[in-house]
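These notes concern the structure reproduced below.
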Amino acid sequence: MLRNNRLFVLLLVSALILAACNLPQAKQDDPEAVMSLAAQTLEARLTSDFLLTPSATWTSQPSATPPASTATFTPEASPTPTSICDMAQYVTDVTIPDGSQFQPNQDFTKTWRLKNTGVCTWTSGYQVIFDNGDAMSGPATQALSGTVAPGQTVDLSVNLKAPAAAGSYRGYWKLRNPAGVILPVISGFQGNSFFVDIKTVPPAPTATATPLVLATLNPFPIIPLPLKTATPTPKILFPIIIVTLGP
């Protein structure tokens, strides 16, 4: 814009000088005449330049269209739970449902079914251990008899004995790895154990049949009488006399 203004001023001064040089000699001494004639000459020159200069054609600029977004939304991946080496899940009681009744000192075998939900294989170095409650003459520790791969289930059994006294009893058991760490148990008691629950019931008394004795029912003793032998009565025969009367 500043460059155009300078060009316009330069053209104006040049036109004035040129007009002054072309003025008739007779009128050069008259300042007003000189200025008037110069203005007319400049106006004519500008008009000619304007006509000779092609007019700029206004062309509407296309509206700016925002570029299409090329960014692709990628959903964040859900966090992956940390893999746990040793973890178990309680599945069910295979034997001895809760509240089962036994006679005093009666032997029984309790079996639980557990699943290996960790990523480490259980070996014979893993143990079923008694934790608290009523031990019921069970072992303090018992090693697994084989291996259990991740995702597999296993039946764990312990031999127990019902207490001698009547009542309700419960014992809690856990699973321990070779390093001595207790395994968490999903669906287990407090998340780390499983239990056995029984009742000791004394045997019902057996009814004894008492023979019925008549002597206990009759205060008077019955004395058997001796049997009498019947004596035959002698028969007396009387003679029969027949009397015949004559005529």
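To be explicit about the labels: the chains of the structure tokens are called A, B, and onward in the order shown, and within each one the residues are counted from 1, while ligands get numbers from 1 in the order they are shown.
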
Shell around Ser193 (chain A) at 10 Å using only C-alpha atoms, local window under 4 positions removed, as a PyMOL selection string = chain A and resi 88-90+129-131+172-175+182-189

Selection: 12 Å around Ser137 (chain A), only C-alpha atoms, excl. self and same-chain fewer than 5 positions, as a PyMOL selection string = chain A and resi 105-109+130+158-164+171
